[in-house]
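S.K.: My structure file input_5.csv, CSV, C-alpha atoms, is below:
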```
chain,number,residue,atom,x,y,z
A,1,MET,CA,71.7,94.9,93.4
A,2,SER,CA,72.3,97.9,95.6
A,3,LYS,CA,72.6,97.7,99.4
A,4,ARG,CA,69.5,99.9,99.7
A,5,ASP,CA,67.6,97.4,97.6
A,6,ASP,CA,68.6,94.6,99.9
A,7,ARG,CA,67.0,96.4,102.8
A,8,HIS,CA,63.9,97.2,100.9
A,9,ASP,CA,63.5,93.7,99.6
A,10,LEU,CA,63.8,92.3,103.1
A,11,MET,CA,60.9,94.4,104.2
A,12,ARG,CA,58.8,93.2,101.2
A,13,LEU,CA,59.8,89.6,102.0
A,14,ARG,CA,58.6,90.0,105.6
A,15,LEU,CA,55.3,91.4,104.4
A,16,LEU,CA,54.9,88.4,102.0
A,17,ALA,CA,55.3,86.1,105.0
A,18,ALA,CA,52.8,88.1,107.0
A,19,GLN,CA,50.3,87.8,104.1
A,20,ASP,CA,50.5,84.1,104.5
A,21,ALA,CA,50.0,84.3,108.3
A,22,LEU,CA,46.8,86.3,107.6
A,23,SER,CA,45.5,83.9,105.0
A,24,LEU,CA,45.5,80.8,107.3
A,25,SER,CA,42.1,79.5,108.4
A,26,ALA,CA,41.3,78.7,112.0
A,27,GLU,CA,41.6,75.0,111.2
A,28,GLU,CA,45.0,75.4,109.5
A,29,LEU,CA,46.3,77.4,112.4
A,30,VAL,CA,45.3,74.7,114.9
A,31,ARG,CA,46.7,71.9,112.7
A,32,GLU,CA,50.0,73.7,112.2
A,33,ASP,CA,50.3,74.3,115.9
A,34,LYS,CA,49.5,70.7,116.7
A,35,GLU,CA,52.2,69.5,114.4
A,36,ALA,CA,54.7,71.8,116.1
A,37,GLY,CA,53.6,70.6,119.5
A,38,VAL,CA,52.1,73.9,120.5
A,39,ASP,CA,48.7,74.4,122.2
A,40,THR,CA,46.9,77.2,120.4
A,41,ARG,CA,44.8,78.2,123.4
A,42,THR,CA,47.6,78.2,125.9
A,43,GLU,CA,49.8,80.2,123.7
A,44,ALA,CA,47.0,82.7,123.1
A,45,GLU,CA,46.6,83.1,126.8
A,46,ARG,CA,50.3,83.6,127.3
A,47,TRP,CA,50.4,86.3,124.6
A,48,ARG,CA,47.3,88.0,125.9
A,49,ALA,CA,48.7,88.2,129.4
A,50,SER,CA,52.0,89.5,128.2
A,51,MET,CA,50.5,92.1,125.9
A,52,ARG,CA,48.1,93.1,128.7
A,53,ALA,CA,50.9,93.6,131.1
A,54,THR,CA,52.9,95.6,128.6
A,55,ALA,CA,50.0,98.0,127.9
A,56,ALA,CA,49.4,98.4,131.7
A,57,HIS,CA,53.1,99.1,132.2
A,58,VAL,CA,53.1,101.8,129.6
A,59,LEU,CA,50.1,103.4,131.2
A,60,ARG,CA,51.7,103.4,134.6
A,61,GLU,CA,54.9,104.9,133.3
A,62,ALA,CA,52.9,107.6,131.5
A,63,ARG,CA,51.1,108.8,134.6
A,64,PRO,CA,51.8,112.5,135.3
A,65,VAL,CA,54.3,113.2,138.0
A,66,ARG,CA,52.8,114.7,141.1
A,67,ASN,CA,53.2,118.5,141.2
A,68,THR,CA,55.7,119.2,144.0
A,69,GLN,CA,54.2,122.7,144.3
A,70,TYR,CA,50.8,121.3,145.1
A,71,VAL,CA,49.4,122.2,148.6
A,72,PRO,CA,46.6,120.0,149.8
A,73,LEU,CA,43.3,121.8,150.3
A,74,SER,CA,43.3,121.0,154.1
A,75,ALA,CA,46.6,122.8,154.4
A,76,ARG,CA,45.0,125.8,152.9
A,77,VAL,CA,42.1,125.9,155.3
A,78,ARG,CA,42.5,129.0,157.4
A,79,LYS,CA,41.0,127.7,160.6
A,80,ARG,CA,39.3,124.4,161.5
A,81,PRO,CA,35.9,124.5,163.3
A,82,ASP,CA,36.1,123.8,167.1
A,83,ILE,CA,36.6,120.2,168.0
A,84,ASP,CA,32.9,119.4,168.8
A,85,ALA,CA,31.7,120.9,165.6
A,86,LEU,CA,34.5,119.1,163.7
A,87,LYS,CA,33.4,115.7,165.2
A,88,ALA,CA,29.8,116.4,164.3
A,89,LEU,CA,30.8,117.2,160.7
A,90,VAL,CA,32.9,114.0,160.4
A,91,ARG,CA,30.1,111.9,161.9
A,92,GLY,CA,27.7,113.6,159.5
A,93,VAL,CA,29.8,112.6,156.5
A,94,PHE,CA,29.9,108.9,157.6
A,95,ALA,CA,26.2,108.9,158.3
A,96,THR,CA,25.4,110.1,154.8
A,97,ARG,CA,28.3,108.4,152.9
A,98,PRO,CA,28.9,105.0,154.5
A,99,GLU,CA,31.3,104.0,151.7
A,100,LEU,CA,33.9,106.3,153.3
A,101,GLY,CA,33.7,104.2,156.5
A,102,LEU,CA,36.5,102.1,155.3
A,103,ALA,CA,38.9,104.9,156.2
A,104,TYR,CA,37.3,105.4,159.6
A,105,ARG,CA,38.7,103.4,162.6
A,106,ASP,CA,36.8,103.6,165.8
A,107,GLY,CA,35.4,107.1,166.5
A,108,LYS,CA,35.0,106.4,170.2
A,109,HIS,CA,38.7,106.2,170.9
A,110,GLN,CA,40.1,108.8,168.6
A,111,SER,CA,42.3,111.6,170.0
A,112,ASP,CA,41.4,115.2,169.0
A,113,GLU,CA,44.4,115.1,166.8
A,114,ASP,CA,43.1,111.9,165.1
A,115,TRP,CA,39.8,113.7,164.5
A,116,GLN,CA,41.6,116.7,163.0
A,117,THR,CA,43.6,114.5,160.7
A,118,LEU,CA,40.5,112.7,159.7
A,119,TYR,CA,38.8,116.0,159.1
A,120,ASP,CA,41.7,117.1,156.9
A,121,ASP,CA,41.6,113.8,155.0
A,122,LEU,CA,37.9,114.3,154.3
A,123,VAL,CA,38.5,117.9,153.2
A,124,ASP,CA,41.1,116.7,150.8
A,125,ALA,CA,38.8,113.9,149.6
A,126,GLY,CA,36.2,116.5,148.9
A,127,ALA,CA,33.7,115.1,151.4
A,128,ILE,CA,33.7,118.2,153.5
A,129,VAL,CA,33.8,121.7,152.0
A,130,PRO,CA,35.9,123.7,154.4
A,131,GLU,CA,34.7,127.2,153.5
A,132,GLU,CA,31.3,126.3,154.8
A,133,HIS,CA,32.6,125.5,158.3
A,134,GLU,CA,35.4,128.0,158.8
A,135,ASP,CA,35.0,130.6,161.6
D,136,MET,CA,36.9,117.2,106.1
D,137,ASP,CA,33.4,115.7,106.1
D,138,SER,CA,32.1,113.4,108.9
D,139,ALA,CA,32.9,110.2,106.9
D,140,ASP,CA,36.5,111.3,106.5
D,141,HIS,CA,36.7,112.3,110.1
D,142,GLU,CA,35.5,108.8,111.1
D,143,THR,CA,38.2,107.1,109.1
D,144,LYS,CA,40.8,109.2,110.7
D,145,ARG,CA,39.9,108.3,114.2
D,146,ILE,CA,42.9,107.2,116.3
D,147,ALA,CA,42.5,104.6,119.1
D,148,THR,CA,42.9,105.7,122.7
D,149,ALA,CA,44.9,103.7,125.2
D,150,GLU,CA,41.7,102.1,126.6
D,151,GLN,CA,40.6,101.1,123.1
D,152,ILE,CA,44.0,99.4,122.6
D,153,ARG,CA,43.7,97.6,125.9
D,154,ALA,CA,40.1,96.5,125.0
D,155,ALA,CA,41.3,95.3,121.6
D,156,ILE,CA,44.0,93.1,123.2
D,157,GLU,CA,41.3,91.4,125.3
D,158,GLY,CA,39.1,91.0,122.3
D,159,LEU,CA,41.6,89.1,120.2
D,160,THR,CA,40.7,85.5,119.5
D,161,ASP,CA,43.0,82.4,119.8
D,162,GLU,CA,43.3,82.5,116.0
D,163,ASP,CA,44.2,86.1,116.0
D,164,TYR,CA,47.0,85.4,118.5
D,165,ALA,CA,48.2,82.5,116.4
D,166,ARG,CA,48.4,84.7,113.3
D,167,LEU,CA,50.3,87.4,115.2
D,168,ARG,CA,52.7,84.7,116.5
D,169,ARG,CA,53.4,83.5,113.0
D,170,ALA,CA,54.0,87.0,111.6
D,171,ALA,CA,56.2,87.9,114.5
D,172,SER,CA,58.2,84.7,114.2
D,173,ALA,CA,58.8,85.3,110.5
D,174,PHE,CA,60.0,88.9,111.1
D,175,LEU,CA,62.7,87.9,113.5
D,176,TYR,CA,65.4,86.9,111.1
D,177,GLY,CA,67.8,89.8,110.3
D,178,SER,CA,66.5,91.9,113.2
D,179,GLU,CA,67.9,92.3,116.7
D,180,TYR,CA,64.9,90.4,118.1
D,181,THR,CA,65.1,86.7,119.0
D,182,ASP,CA,61.7,86.2,120.6
D,183,PRO,CA,58.4,86.9,118.8
D,184,LEU,CA,56.7,87.9,122.1
D,185,GLU,CA,59.4,90.6,122.5
D,186,LEU,CA,58.5,91.9,119.1
D,187,ILE,CA,54.8,92.1,119.7
D,188,ASN,CA,55.3,93.8,123.0
D,189,GLU,CA,57.5,96.4,121.3
D,190,ALA,CA,54.6,97.0,118.9
D,191,ILE,CA,52.2,97.4,121.9
D,192,VAL,CA,54.6,99.9,123.5
D,193,ARG,CA,54.7,101.9,120.3
D,194,ALA,CA,50.9,101.8,119.9
D,195,MET,CA,50.3,102.8,123.5
D,196,HIS,CA,52.7,105.7,123.2
D,197,GLY,CA,50.9,106.8,120.1
D,198,ALA,CA,47.4,106.6,121.6
D,199,GLY,CA,45.7,109.9,121.6
D,200,ARG,CA,48.9,111.8,120.8
D,201,ILE,CA,50.4,113.4,117.8
D,202,LYS,CA,53.7,111.4,118.1
D,203,GLY,CA,54.0,107.6,118.1
D,204,ARG,CA,52.4,104.8,116.3
D,205,HIS,CA,48.7,105.5,115.7
D,206,TRP,CA,46.1,102.8,115.3
D,207,PRO,CA,43.4,104.1,112.9
D,208,LEU,CA,40.2,102.5,114.2
D,209,HIS,CA,39.0,101.6,110.7
D,210,VAL,CA,42.0,99.2,110.4
D,211,PRO,CA,41.7,95.7,111.9
D,212,PHE,CA,43.8,95.5,115.1
D,213,VAL,CA,45.6,92.4,113.9
D,214,ALA,CA,46.7,94.0,110.6
D,215,PHE,CA,47.8,97.1,112.5
D,216,LEU,CA,49.9,95.1,114.9
D,217,ILE,CA,51.5,93.1,112.1
D,218,MET,CA,52.4,96.2,110.2
D,219,THR,CA,53.8,97.8,113.4
D,220,MET,CA,55.9,94.7,114.1
D,221,SER,CA,57.1,94.8,110.5
D,222,SER,CA,58.2,98.4,110.9
D,223,VAL,CA,59.9,97.7,114.2
D,224,ALA,CA,61.8,94.7,112.7
D,225,ASN,CA,62.8,96.7,109.7
D,226,ALA,CA,63.9,99.7,111.7
D,227,SER,CA,65.9,97.2,113.8
D,228,THR,CA,67.7,96.0,110.8
D,229,GLU,CA,68.5,99.4,109.4
D,230,SER,CA,67.2,102.9,108.7
D,231,LEU,CA,65.0,103.2,105.7
D,232,THR,CA,63.9,106.2,103.8
D,233,GLN,CA,60.1,106.9,103.6
D,234,ALA,CA,60.4,107.0,99.8
D,235,LEU,CA,61.2,103.3,99.7
D,236,THR,CA,57.9,102.4,101.3
D,237,ASP,CA,55.8,103.5,98.3
D,238,SER,CA,56.1,100.2,96.5
D,239,LEU,CA,55.1,98.3,99.6
D,240,ALA,CA,51.4,99.1,99.0
D,241,ASP,CA,50.9,95.7,97.3
D,242,PHE,CA,52.0,93.9,100.4
D,243,VAL,CA,49.5,95.5,102.7
D,244,PRO,CA,46.5,93.4,103.6
D,245,GLU,CA,43.6,93.7,101.1
D,246,GLY,CA,41.3,96.7,101.5
D,247,MET,CA,43.8,98.9,103.4
D,248,ALA,CA,46.1,101.7,102.4
D,249,TYR,CA,49.8,101.7,103.1
D,250,SER,CA,49.4,105.2,104.4
D,251,ASP,CA,47.5,103.7,107.4
D,252,PHE,CA,50.8,102.2,108.4
D,253,ALA,CA,53.1,105.1,107.6
D,254,ILE,CA,56.4,104.1,109.2
D,255,GLY,CA,57.9,107.5,109.6
D,256,PRO,CA,57.6,107.8,113.4
D,257,LEU,CA,59.5,104.6,113.8
D,258,HIS,CA,62.5,105.7,111.9
D,259,ALA,CA,65.2,108.2,112.5
D,260,SER,CA,64.5,111.7,111.2
D,261,SER,CA,66.3,112.7,108.0
D,262,VAL,CA,68.6,114.9,110.1
D,263,GLU,CA,69.4,112.0,112.4
D,264,ALA,CA,69.8,109.7,109.4
D,265,GLU,CA,72.4,112.0,107.9
D,266,CYS,CA,74.3,111.9,111.1
D,267,LEU,CA,74.5,108.2,111.1
D,268,ASP,CA,78.1,107.0,111.2
D,269,GLU,CA,79.2,105.8,107.8
D,270,GLU,CA,80.6,102.7,109.4
D,271,GLU,CA,77.3,101.9,111.0
D,272,GLN,CA,75.5,102.3,107.7
D,273,ALA,CA,78.0,100.0,106.0
D,274,ALA,CA,77.4,97.4,108.8
D,275,GLU,CA,73.7,97.7,108.3
D,276,SER,CA,74.0,97.1,104.5
D,277,ALA,CA,76.3,94.2,105.0
D,278,ARG,CA,73.8,92.7,107.5
D,279,SER,CA,70.9,93.0,105.0
D,280,ALA,CA,73.0,91.5,102.2
D,281,LYS,CA,74.0,88.6,104.5
D,282,VAL,CA,70.3,88.0,105.4
D,283,PHE,CA,69.5,87.5,101.7
D,284,THR,CA,72.6,85.3,101.2
D,285,ASP,CA,71.4,83.1,104.1
D,286,ILE,CA,67.8,83.0,102.9
D,287,GLU,CA,68.8,82.0,99.4
D,288,ALA,CA,71.1,79.3,100.8
D,289,PHE,CA,68.3,78.1,103.0
D,290,PHE,CA,65.9,77.7,100.0
D,291,ALA,CA,68.6,76.4,97.6
D,292,ASP,CA,66.7,73.2,97.2
D,293,ASP,CA,63.2,74.7,96.9
D,294,GLU,CA,63.0,76.0,93.3
D,295,GLU,CA,59.5,77.7,93.7
D,296,VAL,CA,60.4,79.6,96.9
D,297,LEU,CA,63.8,80.6,95.4
D,298,MET,CA,61.9,81.9,92.3
D,299,LEU,CA,59.5,83.8,94.5
D,300,VAL,CA,62.5,85.5,96.3
D,301,LEU,CA,64.3,86.2,93.1
D,302,CYS,CA,61.3,87.7,91.4
D,303,LEU,CA,60.6,89.8,94.5
D,304,ARG,CA,64.2,91.1,94.5
D,305,ASP,CA,63.7,91.9,90.8
D,306,GLY,CA,61.1,94.4,92.0
D,307,GLN,CA,58.1,92.4,90.9
D,308,ARG,CA,54.8,92.7,92.7
D,309,PRO,CA,52.9,89.6,94.0
D,310,ARG,CA,50.7,89.3,91.0
D,311,GLU,CA,53.6,89.7,88.6
D,312,ILE,CA,55.7,87.2,90.5
D,313,GLN,CA,52.9,84.6,90.1
D,314,GLU,CA,52.7,85.3,86.4
D,315,SER,CA,56.4,85.4,85.6
D,316,ALA,CA,57.2,82.3,87.7
D,317,GLY,CA,54.4,80.5,85.9
D,318,MET,CA,52.8,79.5,89.1
D,319,THR,CA,49.1,78.7,89.7
D,320,VAL,CA,47.4,80.5,92.7
D,321,THR,CA,47.8,77.3,94.7
D,322,GLN,CA,51.5,76.9,93.9
D,323,TYR,CA,52.1,80.6,94.7
D,324,ASN,CA,50.3,80.3,98.0
D,325,THR,CA,52.1,77.1,99.1
D,326,ALA,CA,55.5,78.6,98.1
D,327,ARG,CA,54.6,81.7,100.2
D,328,ARG,CA,53.8,79.4,103.1
D,329,ARG,CA,57.1,77.6,102.8
D,330,LEU,CA,58.8,81.0,102.7
D,331,ARG,CA,57.1,82.0,105.9
D,332,ARG,CA,58.0,78.8,107.6
D,333,GLY,CA,61.6,79.0,106.4
D,334,LEU,CA,62.0,82.6,107.7
D,335,THR,CA,60.5,81.4,111.0
D,336,LYS,CA,63.1,78.6,111.2
D,337,LEU,CA,65.9,80.9,110.4
D,338,GLY,CA,64.7,83.5,113.0
D,339,LEU,CA,64.0,81.1,115.8
D,340,GLY,CA,67.1,79.0,115.2
D,341,GLY,CA,65.1,75.8,115.3
D,342,LYS,CA,62.9,76.7,118.3
D,343,GLN,CA,59.1,76.3,118.0
D,344,PRO,CA,57.2,79.4,117.1
```
Using structure tokens, write down the structure from this file.

M.R.:
Amino acid sequence: MSKRDDRHDLMRLRLLAAQDALSLSAEELVREDKEAGVDTRTEAERWRASMRATAAHVLREARPVRNTQYVPLSARVRKRPDIDALKALVRGVFATRPELGLAYRDGKHQSDEDWQTLYDDLVDAGAIVPEEHED
Amino acid sequence: MDSADHETKRIATAEQIRAAIEGLTDEDYARLRRAASAFLYGSEYTDPLELINEAIVRAMHGAGRIKGRHWPLHVPFVAFLIMTMSSVANASTESLTQALTDSLADFVPEGMAYSDFAIGPLHASSVEAECLDEEEQAAESARSAKVFTDIEAFFADDEEVLMLVLCLRDGQRPREIQESAGMTVTQYNTARRRLRRGLTKLGLGGKQP
């Protein structure tokens, strides 16, 4: 028996065992688990959770790395509108898109700089199209 | 390629793999657990959960890409995972050449083609294989031989399982094994079950699967 045959035979032996695993009925699986002191449902949940976490981990690792050359749209705006027009634009966005209100603190007490930052954020989020409001 | 061919060649996306994990039943997990446990002996893995997670990693890497382990959507997810685990375990034991996999067709779950589980991507390329250190190859061969010595010693008192192992090593296919060993279908199936349980015991070193 050659060494290569040993390796090949081991693969065939493993597949023979797998065939048996596939041939077991639901009742046989539960009975076998019970005899081994294993709870089929608990083990299934443990495996599902572990496999779910593994798949999620691979997806996270596979996310593209942010392009370091990328310049946010707000940074490319040539000139913001004057502060009163800017505030009106921001208020207008929140009036028509209340779901964005989560990012909005209290408009009454914002500095002009806060308003400008908020404006930039909304430009970057695509809620305000800068070209329409540039001087 | 007509539309039917195209349909059978569809490869799962990452989201389809994640959905399939959620869709597995308790029994599916129990079968995966058994297969994984039986694959451990002779590989570098000691925990069946570690082996299934390696299979998931390979599948996720292969999702929607040319490289990696592809899940053809016409193949049941459980069968795909079992074959992937088998390839991972075998690759862990040693490097095999693709030519050796031809005669494995009879061991693939009924109704499927072995080509669905082509193991090429999991193994070293031929160039890399050629560069394997001779000492390492000798160690791999010695490990495989020892695995069989251990298995045959483990089943020394079980004539039917020993016969099954010997016939398999003689190159016989499952149907031929049954005939030449003079076993009924029931005898063959129960011997195969004892073989699976024995491999599990050897792989887990006495721990529960």

S.K.: Residues near D:Leu334, anyone? I mean within 10 Å using only C-alpha atoms, not counting same-chain ones fewer than 6 positions away, as a count of residues only.

M.R.: 15

S.K.: At what distance in Å, to one decimal, does atom CA of D:Ala316 lie from atom CA of D:Ala291?

M.R.: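 Here the two named atoms are 16.2 Å from each other.
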
S.K.: Just how far from atom CA of A:His57 is atom CA of A:Pro72, in Å to one decimal?

M.R.: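 Result for atom CA of A:Pro72 versus atom CA of A:His57: 28.1 Å, one decimal.
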
S.K.: Given the point (38.6, 101.2, 113.3) in the coordinates of this file, which residues lie within 8 Å, counting all atoms listed in the file, and how would they look as a ChimeraX atom specification?

M.R.: /D:143,145-147,206-212

S.K.: For D:Ile217, list every protein, DNA or RNA residue within 12 Å, evaluated using all atoms listed in the file, and leave out those in the same chain fewer than 4 positions away; present the list as a ChimeraX atom specification.

M.R.: /A:14-22 /D:163-174,183,186-191,194,206,210-213,221-224,242-244,252

S.K.: Select, as a PyMOL selection string, those residues of chain A with any atom no more than 9 Å from chain D (distances computed using all atoms listed in the file).

M.R.: chain A and resi 1+3-26+29-30+33+36-38+40-45+47-48+50-52+54-59+62

S.K.: Rounded to one decimal in Å, what is the spacing between atom CA of D:Gln313 and atom CA of D:Leu297?

M.R.: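 Atom CA of D:Leu297 lies 12.8 Å from atom CA of D:Gln313.
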
S.K.: Show which residues sit within 10 Å of stretch 121-133 of chain A, as a list in words. Count only C-alpha atoms, and ignore same-chain residues fewer than 6 positions away.

M.R.: Pro72, Leu73, Ser74, Ala75, Arg76, Val77, Arg78, Lys79, Arg80, Pro81, Asp82, Ala85, Leu86, Leu89, Val90, Gly92, Val93, Phe94, Arg97, Leu100, Ala103 and Trp115 of chain A

S.K.: Under the rule that all atoms listed in the file are counted, which of D:Gly197, D:His205, D:Leu337, D:Phe215 is the nearest residue to D:Glu287?

M.R.: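 Of all the options, D:Leu337 lies closest to D:Glu287.
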